[in-house]
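**Q** mmCIF, C-alpha atoms, saved as work.cif, coming up:
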data_data
#
loop_
_atom_site.label_atom_id
_atom_site.label_comp_id
_atom_site.auth_asym_id
_atom_site.auth_seq_id
_atom_site.Cartn_x
_atom_site.Cartn_y
_atom_site.Cartn_z
CA MET A 1 21.22 -17.53 26.89
CA ARG A 2 19.32 -14.33 27.55
CA SER A 3 16.16 -14.34 29.55
CA VAL A 4 13.42 -11.77 29.76
CA ASN A 5 12.32 -10.34 33.09
CA GLY A 6 8.95 -8.83 33.84
CA ASN A 7 5.45 -9.88 34.77
CA VAL A 8 4.69 -13.54 34.76
CA ALA A 9 1.72 -14.08 32.53
CA ARG A 10 0.78 -17.58 31.48
CA THR A 11 -0.14 -17.45 27.82
CA ALA A 12 -2.72 -19.80 26.49
CA SER A 13 -1.77 -21.29 23.16
CA LEU A 14 1.97 -21.78 23.45
CA GLY A 15 2.16 -22.15 27.21
CA TYR A 16 4.98 -19.64 27.65
CA ALA A 17 5.52 -17.83 30.93
CA ARG A 18 6.38 -14.31 29.83
CA GLY A 19 8.47 -13.51 32.88
CA THR A 20 10.81 -16.40 32.36
CA MET A 21 10.82 -16.41 28.60
CA GLU A 22 14.11 -17.30 27.00
CA ARG A 23 15.20 -15.74 23.78
CA THR A 24 14.87 -19.11 22.04
CA GLN A 25 11.26 -19.30 23.16
CA LEU A 26 10.61 -15.89 21.64
CA LEU A 27 12.07 -17.13 18.37
CA GLU A 28 9.88 -20.24 18.52
CA MET A 29 6.86 -18.07 19.18
CA PHE A 30 7.75 -15.88 16.21
CA LYS A 31 8.10 -18.93 13.97
CA ALA A 32 4.80 -20.35 15.20
CA LYS A 33 2.95 -17.09 14.63
CA ALA A 34 4.51 -16.59 11.20
CA SER A 35 3.48 -20.13 10.23
CA GLU A 36 -0.04 -19.48 11.46
CA VAL A 37 -0.36 -16.25 9.48
CA ALA A 38 1.44 -17.35 6.31
CA GLU A 39 0.20 -20.95 6.50
CA ARG A 40 3.59 -22.55 5.93
CA ASP A 41 6.55 -23.70 7.99
CA PHE A 42 9.50 -21.57 9.00
CA ASP A 43 11.51 -24.34 10.68
CA GLY A 44 14.85 -23.19 9.27
CA LEU A 45 14.42 -19.61 10.44
CA THR A 46 17.12 -18.21 12.73
CA GLU A 47 17.71 -14.85 14.38
CA THR A 48 19.99 -13.81 11.54
CA SER A 49 17.26 -14.43 8.94
CA VAL A 50 16.27 -11.36 6.98
CA ILE A 51 12.54 -10.69 7.27
CA ALA A 52 12.24 -9.52 3.67
CA ASP A 53 13.58 -12.93 2.57
CA MET A 54 10.86 -14.82 4.39
CA GLY A 55 8.44 -14.24 1.57
CA VAL A 56 5.91 -12.75 3.96
CA ASP A 57 4.50 -9.40 2.96
CA SER A 58 5.31 -6.53 5.30
CA LEU A 59 1.67 -6.03 6.22
CA ALA A 60 1.25 -9.72 6.92
CA MET A 61 4.35 -9.44 9.08
CA LEU A 62 2.56 -6.79 11.13
CA GLU A 63 -0.10 -9.40 11.75
CA VAL A 64 2.58 -11.77 13.05
CA VAL A 65 3.86 -9.03 15.36
CA GLY A 66 0.31 -8.28 16.44
CA GLU A 67 -0.27 -11.92 17.34
CA MET A 68 2.87 -11.84 19.48
CA GLU A 69 1.75 -8.62 21.14
CA ARG A 70 -1.58 -10.20 21.93
CA GLU A 71 -0.07 -13.34 23.37
CA LEU A 72 2.60 -11.54 25.36
CA GLU A 73 0.22 -8.78 26.44
CA VAL A 74 2.50 -5.98 25.32
CA GLN A 75 1.97 -3.08 22.96
CA ILE A 76 4.76 -2.11 20.59
CA PRO A 77 4.59 1.48 19.33
CA ASP A 78 4.30 1.74 15.53
CA ASP A 79 7.57 3.68 15.29
CA ASN A 80 9.46 0.75 16.78
CA LEU A 81 8.39 -1.44 13.88
CA VAL A 82 10.11 0.72 11.29
CA GLY A 83 13.70 -0.03 10.29
CA ILE A 84 13.62 -3.69 11.28
CA GLU A 85 15.47 -5.95 8.88
CA THR A 86 16.26 -9.17 10.72
CA VAL A 87 14.40 -11.50 13.02
CA ALA A 88 16.89 -10.62 15.77
CA GLN A 89 16.04 -6.91 15.50
CA LEU A 90 12.35 -7.70 15.76
CA LEU A 91 12.89 -9.94 18.77
CA ASP A 92 14.97 -7.17 20.40
CA VAL A 93 11.98 -4.82 20.10
CA VAL A 94 9.60 -7.42 21.56
CA GLU A 95 12.02 -8.23 24.36
CA LYS A 96 12.40 -4.58 25.30
CA ARG A 97 8.63 -4.14 25.47
CA ILE A 98 8.31 -7.16 27.73
CA GLN A 99 10.99 -5.73 30.00
CA ALA A 100 9.28 -2.34 30.04
CA SER A 101 5.85 -3.73 30.87
CA MET B 1 -26.48 0.52 3.13
CA SER B 2 -28.51 3.21 4.86
CA ASP B 3 -29.88 6.35 3.24
CA GLU B 4 -27.45 8.28 5.40
CA PHE B 5 -24.55 6.38 3.83
CA HIS B 6 -25.56 7.53 0.35
CA VAL B 7 -26.07 11.12 1.46
CA LYS B 8 -22.73 11.26 3.27
CA LEU B 9 -20.86 9.85 0.28
CA TYR B 10 -22.60 12.21 -2.09
CA ARG B 11 -21.56 15.19 0.06
CA LYS B 12 -17.98 13.88 0.09
CA PHE B 13 -18.02 13.59 -3.68
CA GLN B 14 -19.48 17.09 -4.09
CA THR B 15 -16.65 18.51 -1.96
CA PHE B 16 -14.03 16.47 -3.80
CA PHE B 17 -15.31 17.53 -7.21
CA GLN B 18 -15.64 21.20 -6.30
CA GLU B 19 -12.08 21.24 -4.96
CA ALA B 20 -10.85 19.53 -8.10
CA GLU B 21 -12.62 22.01 -10.38
CA LYS B 22 -11.38 25.04 -8.46
CA LYS B 23 -7.84 24.02 -7.54
CA ARG B 24 -6.62 20.94 -9.34
CA ARG B 25 -7.48 21.13 -13.02
CA TRP B 26 -4.36 21.10 -15.20
CA ASN B 27 -3.34 20.44 -18.77
CA PRO B 28 -0.52 17.96 -19.49
CA VAL B 29 0.57 19.85 -22.60
CA GLU B 30 0.21 23.45 -21.46
CA ASP B 31 0.97 23.41 -17.72
CA ILE B 32 4.37 21.70 -17.73
CA PRO B 33 7.47 23.91 -18.26
CA TRP B 34 8.72 21.77 -21.14
CA ASN B 35 11.51 24.24 -21.91
CA GLU B 36 12.99 23.37 -18.51
CA LEU B 37 13.46 19.67 -19.08
CA ASN B 38 16.97 18.27 -18.95
CA PRO B 39 17.72 16.06 -21.97
CA ASP B 40 21.05 15.12 -20.37
CA ALA B 41 19.43 13.60 -17.29
CA PRO B 42 20.40 9.93 -16.79
CA GLU B 43 18.53 7.10 -18.46
CA SER B 44 17.43 5.83 -15.03
CA LEU B 45 15.17 8.87 -14.74
CA ALA B 46 13.52 8.02 -18.05
CA LEU B 47 13.23 4.37 -17.07
CA CYS B 48 11.40 5.35 -13.88
CA ALA B 49 9.07 7.64 -15.83
CA GLU B 50 8.43 4.84 -18.32
CA THR B 51 7.69 2.41 -15.49
CA PHE B 52 5.18 4.82 -13.96
CA LEU B 53 3.66 5.18 -17.41
CA GLY B 54 3.49 1.39 -17.70
CA VAL B 55 1.59 1.07 -14.43
CA GLU B 56 -0.71 4.02 -15.23
CA SER B 57 -1.43 2.56 -18.68
CA TYR B 58 -3.68 -0.21 -17.39
CA LEU B 59 -6.21 2.56 -16.87
CA PRO B 60 -8.92 0.85 -18.98
CA ASP B 61 -8.69 -2.19 -16.70
CA TYR B 62 -8.64 -0.06 -13.54
CA ILE B 63 -11.72 1.88 -14.64
CA ARG B 64 -13.60 -1.25 -15.67
CA GLY B 65 -12.65 -3.09 -12.46
CA GLY B 66 -13.38 -0.09 -10.27
CA LEU B 67 -16.73 0.61 -11.82
CA GLU B 68 -17.78 -3.03 -11.65
CA ALA B 69 -16.92 -3.06 -7.96
CA VAL B 70 -18.84 0.09 -7.02
CA ARG B 71 -21.62 0.00 -9.63
CA ALA B 72 -24.21 -1.22 -7.15
CA SER B 73 -22.79 0.70 -4.18
CA SER B 74 -23.45 4.41 -4.57
CA VAL B 75 -23.78 7.15 -7.12
CA ALA B 76 -20.92 9.05 -5.47
CA GLN B 77 -18.52 6.16 -5.97
CA ARG B 78 -19.59 5.65 -9.59
CA TRP B 79 -19.15 9.31 -10.42
CA PHE B 80 -15.88 9.48 -8.53
CA THR B 81 -14.53 6.55 -10.53
CA ALA B 82 -15.45 8.24 -13.81
CA ASN B 83 -13.72 11.46 -12.75
CA TRP B 84 -10.76 9.50 -11.36
CA GLY B 85 -10.24 7.94 -14.79
CA TYR B 86 -10.08 11.38 -16.44
CA GLU B 87 -7.53 12.63 -13.93
CA GLU B 88 -5.39 9.48 -14.15
CA LEU B 89 -5.38 9.68 -17.93
CA LYS B 90 -3.50 12.97 -17.69
CA HIS B 91 -0.75 11.26 -15.72
CA SER B 92 -0.09 8.90 -18.63
CA MET B 93 -0.25 11.76 -21.13
CA ALA B 94 2.22 13.89 -19.18
CA LEU B 95 4.68 11.03 -18.74
CA THR B 96 4.49 10.18 -22.45
CA GLU B 97 5.04 13.84 -23.35
CA TYR B 98 8.09 13.90 -21.10
CA LEU B 99 9.65 10.76 -22.58
CA VAL B 100 9.18 11.96 -26.15
CA ARG B 101 10.02 15.65 -25.64
CA SER B 102 13.18 14.76 -23.69
CA GLY B 103 14.35 12.62 -26.59
CA LYS B 104 14.65 9.60 -24.30
CA ARG B 105 12.05 7.71 -26.31
CA THR B 106 10.51 8.11 -29.75
CA GLU B 107 6.79 8.33 -30.37
CA GLU B 108 7.04 4.99 -32.17
CA GLN B 109 8.63 3.39 -29.11
CA MET B 110 5.80 4.73 -27.01
CA PHE B 111 3.16 3.21 -29.30
CA ASP B 112 5.05 -0.12 -29.22
CA PHE B 113 5.31 0.07 -25.42
CA GLN B 114 1.58 0.69 -25.12
CA ALA B 115 0.80 -2.23 -27.43
CA GLN B 116 3.12 -4.50 -25.42
CA LEU B 117 1.46 -3.43 -22.17
CA MET B 118 -1.99 -4.28 -23.45
CA GLU B 119 -0.95 -7.89 -24.07
CA GLU B 120 -1.47 -8.32 -20.34
CA GLU B 121 -4.61 -7.50 -18.42
CA TRP B 122 -5.04 -6.22 -14.88
CA GLU B 123 -7.62 -8.11 -12.84
CA ARG B 124 -9.19 -6.33 -9.93
CA PRO B 125 -7.68 -7.79 -6.79
CA PHE B 126 -10.73 -7.55 -4.54
CA GLU B 127 -14.37 -8.33 -5.01
CA THR B 128 -16.48 -5.76 -3.20
CA GLY B 129 -16.76 -2.00 -3.48
CA ARG B 130 -15.68 -1.61 0.12
CA GLN B 131 -12.58 -3.74 -0.34
CA MET B 132 -11.68 -1.87 -3.53
CA THR B 133 -12.13 1.42 -1.67
CA VAL B 134 -9.69 0.30 1.01
CA TYR B 135 -7.31 -0.93 -1.69
CA GLY B 136 -7.60 2.41 -3.51
CA MET B 137 -6.83 4.28 -0.31
CA PHE B 138 -3.58 2.39 0.32
CA GLN B 139 -2.56 2.33 -3.33
CA GLU B 140 -3.20 5.99 -4.11
CA MET B 141 -1.44 7.16 -0.95
CA ALA B 142 1.56 4.95 -1.76
CA THR B 143 1.65 6.32 -5.31
CA PHE B 144 1.47 9.87 -3.93
CA VAL B 145 4.50 9.19 -1.73
CA ILE B 146 6.46 7.59 -4.59
CA TYR B 147 5.70 10.47 -6.98
CA LEU B 148 6.87 12.99 -4.39
CA ARG B 149 10.15 11.18 -4.00
CA HIS B 150 10.64 11.15 -7.74
CA GLU B 151 9.81 14.84 -7.94
CA LYS B 152 12.72 15.44 -5.60
CA LEU B 153 14.94 13.18 -7.69
CA ALA B 154 14.03 15.01 -10.91
CA LEU B 155 14.92 18.33 -9.25
CA GLU B 156 18.27 16.90 -8.17
CA HIS B 157 18.90 16.22 -11.87
CA SER B 158 17.79 19.75 -12.81
CA ASP B 159 14.75 18.54 -14.70
CA LYS B 160 11.99 20.95 -13.73
CA ALA B 161 9.63 19.63 -16.39
CA LEU B 162 9.68 16.09 -15.05
CA ALA B 163 9.52 17.40 -11.49
CA THR B 164 6.35 19.30 -12.40
CA VAL B 165 4.83 16.18 -13.97
CA TYR B 166 5.46 14.27 -10.75
CA ARG B 167 4.21 17.12 -8.57
CA LEU B 168 0.92 17.42 -10.46
CA ASN B 169 0.46 13.66 -10.59
CA ALA B 170 1.21 13.46 -6.85
CA ARG B 171 -1.33 16.18 -6.05
CA ASP B 172 -4.05 14.21 -7.86
CA GLU B 173 -3.07 10.95 -6.18
CA CYS B 174 -3.23 12.60 -2.77
CA ALA B 175 -6.72 13.96 -3.46
CA HIS B 176 -7.86 10.52 -4.64
CA ALA B 177 -6.39 8.86 -1.55
CA ARG B 178 -8.21 11.36 0.68
CA PHE B 179 -11.52 10.64 -1.02
CA TYR B 180 -11.05 6.90 -0.58
CA GLU B 181 -10.11 7.59 3.03
CA ASP B 182 -13.29 9.63 3.55
CA VAL B 183 -15.37 6.83 2.04
CA THR B 184 -13.64 4.26 4.24
CA ARG B 185 -14.48 6.43 7.26
CA VAL B 186 -18.15 6.44 6.26
CA TYR B 187 -18.01 2.66 5.80
CA LEU B 188 -16.58 2.41 9.33
CA GLU B 189 -19.43 4.50 10.69
CA GLU B 190 -21.90 2.27 8.89
CA ASP B 191 -20.38 -1.09 9.81
CA ARG B 192 -17.19 -0.92 11.85
CA GLU B 193 -16.69 -4.65 12.29
CA GLY B 194 -17.18 -5.48 8.62
CA THR B 195 -15.00 -2.59 7.47
CA ILE B 196 -12.20 -3.54 9.82
CA ALA B 197 -12.40 -7.10 8.51
CA ASP B 198 -11.98 -5.69 5.00
CA LEU B 199 -9.10 -3.45 6.09
CA ALA B 200 -7.31 -6.52 7.48
CA PHE B 201 -8.17 -8.61 4.43
CA VAL B 202 -6.88 -6.01 1.95
CA ALA B 203 -3.81 -5.07 4.00
CA LYS B 204 -2.67 -8.67 4.12
CA ARG B 205 -3.00 -9.11 0.36
CA PHE B 206 -1.98 -5.64 -0.76
CA ARG B 207 0.24 -5.36 -3.83
CA MET B 208 0.83 -2.35 -6.00
CA PRO B 209 -0.78 -2.59 -9.45
CA GLY B 210 1.52 -3.44 -12.32
CA VAL B 211 3.35 -6.21 -10.45
CA GLY B 212 3.97 -8.91 -13.02
CA LEU B 213 2.26 -6.93 -15.78
CA VAL B 214 4.69 -4.23 -16.90
CA PRO B 215 7.51 -5.79 -19.00
CA ASP B 216 10.75 -6.34 -17.02
CA TYR B 217 8.91 -5.23 -13.89
CA ASP B 218 11.38 -6.63 -11.36
CA GLN B 219 14.40 -4.95 -12.96
CA ARG B 220 12.45 -1.72 -13.30
CA ILE B 221 11.44 -1.78 -9.65
CA GLU B 222 15.04 -2.33 -8.61
CA VAL B 223 16.01 0.84 -10.48
CA MET B 224 13.08 2.71 -8.94
CA ARG B 225 14.01 1.53 -5.44
CA ASP B 226 17.59 2.66 -5.99
CA GLU B 227 16.49 6.01 -7.37
CA GLY B 228 13.35 6.77 -5.45
CA LYS B 229 14.12 4.87 -2.28
CA MET B 230 10.57 3.50 -1.73
CA ASP B 231 10.72 0.54 0.58
CA ARG B 232 8.78 -1.27 3.27
CA ASP B 233 9.69 1.22 5.97
CA ILE B 234 8.56 4.22 3.98
CA PHE B 235 5.33 2.44 3.15
CA LEU B 236 4.68 1.76 6.83
CA LYS B 237 5.74 5.23 7.98
CA LYS B 238 4.16 7.36 5.27
CA VAL B 239 1.17 5.30 4.19
CA TYR B 240 0.01 2.51 6.45
CA PHE B 241 0.42 3.82 9.99
CA PRO B 242 -0.79 7.38 9.24
CA LEU B 243 -3.88 6.07 7.44
CA LEU B 244 -4.81 3.78 10.32
CA LYS B 245 -4.26 6.62 12.77
CA ARG B 246 -6.46 9.03 10.81
CA LEU B 247 -9.17 6.37 10.59
CA ASP B 248 -8.81 5.72 14.32
CA VAL B 249 -8.27 2.02 13.72
CA GLY B 250 -5.80 0.17 15.93
CA ARG B 251 -3.47 -2.56 14.77
CA ARG B 252 -4.96 -4.83 17.42
CA GLU B 253 -8.38 -4.57 15.81
CA LEU B 254 -6.88 -5.63 12.49
CA VAL B 255 -5.03 -8.54 14.06
CA ALA B 256 -8.22 -9.73 15.72
CA ALA B 257 -10.08 -9.48 12.41
CA ALA B 258 -7.34 -11.36 10.57
CA ALA B 259 -7.39 -14.10 13.22
CA ALA B 260 -11.18 -14.37 12.87
CA GLU B 261 -10.77 -14.71 9.11
CA ARG B 262 -8.22 -17.51 9.54
CA ARG B 263 -10.52 -19.30 11.96
CA ALA B 264 -13.45 -19.03 9.57
CA ALA B 265 -11.33 -20.35 6.69
CA ARG B 266 -10.20 -23.33 8.79
CA GLU B 267 -13.79 -24.09 9.79
CA THR B 268 -14.92 -23.93 6.18
CA GLU B 269 -12.08 -26.23 5.15
CA ALA B 270 -12.92 -28.68 7.93
CA ALA B 271 -16.59 -28.68 6.94
CA GLU B 272 -15.65 -29.55 3.38
#
Just give me the structure of the file as structure tokens.

**A**
Amino acid sequence: MRSVNGNVARTASLGYARGTMERTQLLEMFKAKASEVAERDFDGLTETSVIADMGVDSLAMLEVVGEMERELEVQIPDDNLVGIETVAQLLDVVEKRIQAS
Amino acid sequence: MSDEFHVKLYRKFQTFFQEAEKKRRWNPVEDIPWNELNPDAPESLALCAETFLGVESYLPDYIRGGLEAVRASSVAQRWFTANWGYEELKHSMALTEYLVRSGKRTEEQMFDFQAQLMEEEWERPFETGRQMTVYGMFQEMATFVIYLRHEKLALEHSDKALATVYRLNARDECAHARFYEDVTRVYLEEDREGTIADLAFVAKRFRMPGVGLVPDYDQRIEVMRDEGKMDRDIFLKKVYFPLLKRLDVGRRELVAAAAAERRAARETEAAE
């Protein structure tokens, strides 16, 4: 299982420690944020899920990403959010930003 | 709104109108090189043109909805909407001329298509003038980008007439988007917090007009995506991110506004 290195920042709502965050925790955070924004469950979502199939509009998806950025205290450049098709690709981008911060 | 708001918008409208009169007036019958259309171009090209026509054809609903939204807001927005309707009308005329002159459709088919379209009605998606301005900004810029892509496609099929239709339509759409952008900027100056809340609100619920209205919309959009290659990424790259950048609005501000809206909705629900 991959783990993310970087600053340790205790986040409030989900209680994740950014520095020791496992990939599965990132996925759980994504699911939680998507549920919060779209107001429905995404329990069956996996890394191979295609974002366009989630039934969440692309602009609402930016809100999900924004919530993750806020919680993880990272900033993802707009360009990095173009060309993403799967949940795994999105998590890769988030992971890289955590590592870079 | 302040007196300054009305003055600023009026100046924006004056500039917009003057530019339109000097540089953008065109005639859908006389200014298209109809002798350069390609009657052998594939049906998919005609289907795309017909789909654009379908979306443009809800013009009466767009004008009514737009005017209702801005009626109490400012004279500039009312007058802009009236002028916008005139310019948009030409887009429908030019597309109809193309479909009939190319032999892809008959005039009778066009009348039937129009009658079929009017069986459905477009409802304005947002309540206030400010929200409709933001919606107009996103929608017109997206339409501009789509028309440009179809201009290129028409040229690839050696149809200079259709390419000209798309180019002229695109030029109008771009000018409209810029006006809406200018108005949004003035709204931001007047009330940044409220305008950002509306930007977040509209962005989250944004859909192009015509969805679910134009007959066989889903199949038509599939053809348009295949032909014109408009997708989520292009929307983000060419429309959404550049607009936010020009308005100097950060994604974080929008996320915070959206979160505040969700909180308020939950509180209202709990209170009920």

**Q** Looking at all atoms listed in the file, which of B:Tyr62, B:Trp26, B:Phe16, B:Phe235 is the one that sits closest to chain A?

**A**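 For chain A, the nearest of the candidates is B:Phe235.
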
**Q** Would you list which chain A residues are within 8 Å of chain B using all atoms listed in the file, as JSON, numbers by chain?

**A** {"A": [37, 57, 58, 59, 60, 63, 66, 67, 70, 78, 79, 82, 83]}

**Q** Got a sec: who's within 12 Å of region 103-116 of chain B, counting only C-alpha atoms, leaving out chain neighbours fewer than 3 positions off, as a ChimeraX atom specification?

**A** /B:37-51,53-59,92-93,95-100,119-121,213-216

**Q** May I ask which of the residues A:Met21, A:Ala100, A:Val87, A:Met68 is the closest one to Asp53 (chain A), counting all atoms listed in the file?

**A**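 For Asp53 (chain A), the nearest of the given residues is A:Val87.
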
**Q** Find the residues around Thr86 (chain A) up to 8 Å (all atoms listed in the file counted), leave out those fewer than 3 positions away in its own chain, and share them as a PyMOL selection string.

**A** chain A and resi 47-51+89-90

**Q** For the structure shown, which residues end up in the PyMOL selection byres ((chain B and resi 142-146) around 8)? Put them as a PDB file with C-alpha atoms, in the coordinates of the input, please?

**A**
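Once written, selection-v3.pdb looks like this:
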ATOM      1  CA  PHE B 138      -3.580   2.390   0.320  1.00  0.00           C
ATOM      2  CA  GLN B 139      -2.560   2.330  -3.330  1.00  0.00           C
ATOM      3  CA  GLU B 140      -3.200   5.990  -4.110  1.00  0.00           C
ATOM      4  CA  MET B 141      -1.440   7.160  -0.950  1.00  0.00           C
ATOM      5  CA  TYR B 147       5.700  10.470  -6.980  1.00  0.00           C
ATOM      6  CA  LEU B 148       6.870  12.990  -4.390  1.00  0.00           C
ATOM      7  CA  ARG B 149      10.150  11.180  -4.000  1.00  0.00           C
ATOM      8  CA  HIS B 150      10.640  11.150  -7.740  1.00  0.00           C
ATOM      9  CA  ASN B 169       0.460  13.660 -10.590  1.00  0.00           C
ATOM     10  CA  ALA B 170       1.210  13.460  -6.850  1.00  0.00           C
ATOM     11  CA  ARG B 171      -1.330  16.180  -6.050  1.00  0.00           C
ATOM     12  CA  GLU B 173      -3.070  10.950  -6.180  1.00  0.00           C
ATOM     13  CA  CYS B 174      -3.230  12.600  -2.770  1.00  0.00           C
ATOM     14  CA  GLY B 228      13.350   6.770  -5.450  1.00  0.00           C
ATOM     15  CA  MET B 230      10.570   3.500  -1.730  1.00  0.00           C
ATOM     16  CA  PHE B 235       5.330   2.440   3.150  1.00  0.00           C
ATOM     17  CA  LYS B 238       4.160   7.360   5.270  1.00  0.00           C
ATOM     18  CA  VAL B 239       1.170   5.300   4.190  1.00  0.00           C
TER      19      VAL B 239
END

**Q** What is the CA of Asp231 (chain B) to CA of Gly85 (chain B) distance in Å?

**A** 27.0 Å

**Q** For a cutoff of 8 Å around the file-coordinate point (-9.5, 7.0, 0.8), which residues qualify once you count only C-alpha atoms? I'd like the result as number ranges by chain.

**A** B: 133-134, 136-138, 176-184

**Q** Find, counting all atoms listed in the file, the residue in B:Phe13, B:Lys22, B:Phe126, B:Ser158 that gets nearest to Asn35 (chain B).

**A**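 Checking each candidate against Asn35 (chain B), we get B:Ser158 as the closest.
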
**Q** Give me, please, the distance in Å between CA of Thr195 (chain B) and CA of Lys8 (chain B), quoted to one decimal.

**A**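 Computed distance, CA of Thr195 (chain B) to CA of Lys8 (chain B), equals 16.4 Å.
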
**Q** Would you work out the distance separating CA of Leu9 (chain B) from CA of Ala76 (chain B), expressed in Å to one decimal?

**A**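 Computed distance, CA of Leu9 (chain B) to CA of Ala76 (chain B), equals 5.8 Å.
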
**Q** Nearest to Asp31 (chain B): which of B:Ser74, B:Thr164, B:Thr268, B:Gln219 is it, counting all atoms listed in the file?

**A**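 Residue with the minimum atom-to-atom distance to Asp31 (chain B): B:Thr164.
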
**Q** Fewer than 5 positions away in the same chain doesn't count, so skip those; otherwise give me all residues within 10 Å of Thr46 (chain A), counting all atoms listed in the file, as a ChimeraX atom specification.

**A** /A:24,27-28,31,86-88

**Q** With only C-alpha atoms as the counted atoms, please give the residues lying no more than 9 Å from Gln75 (chain A), apart from itself and same-chain residues fewer than 5 positions off, as a ChimeraX atom specification.

**A** /A:66,69-70,94,97-98,101

**Q** Hey, which of A:Glu22, A:Phe42, A:Ile84, A:Ala34 ends up closest to Val65 (chain A)? Count only C-alpha atoms.

**A** A:Ala34
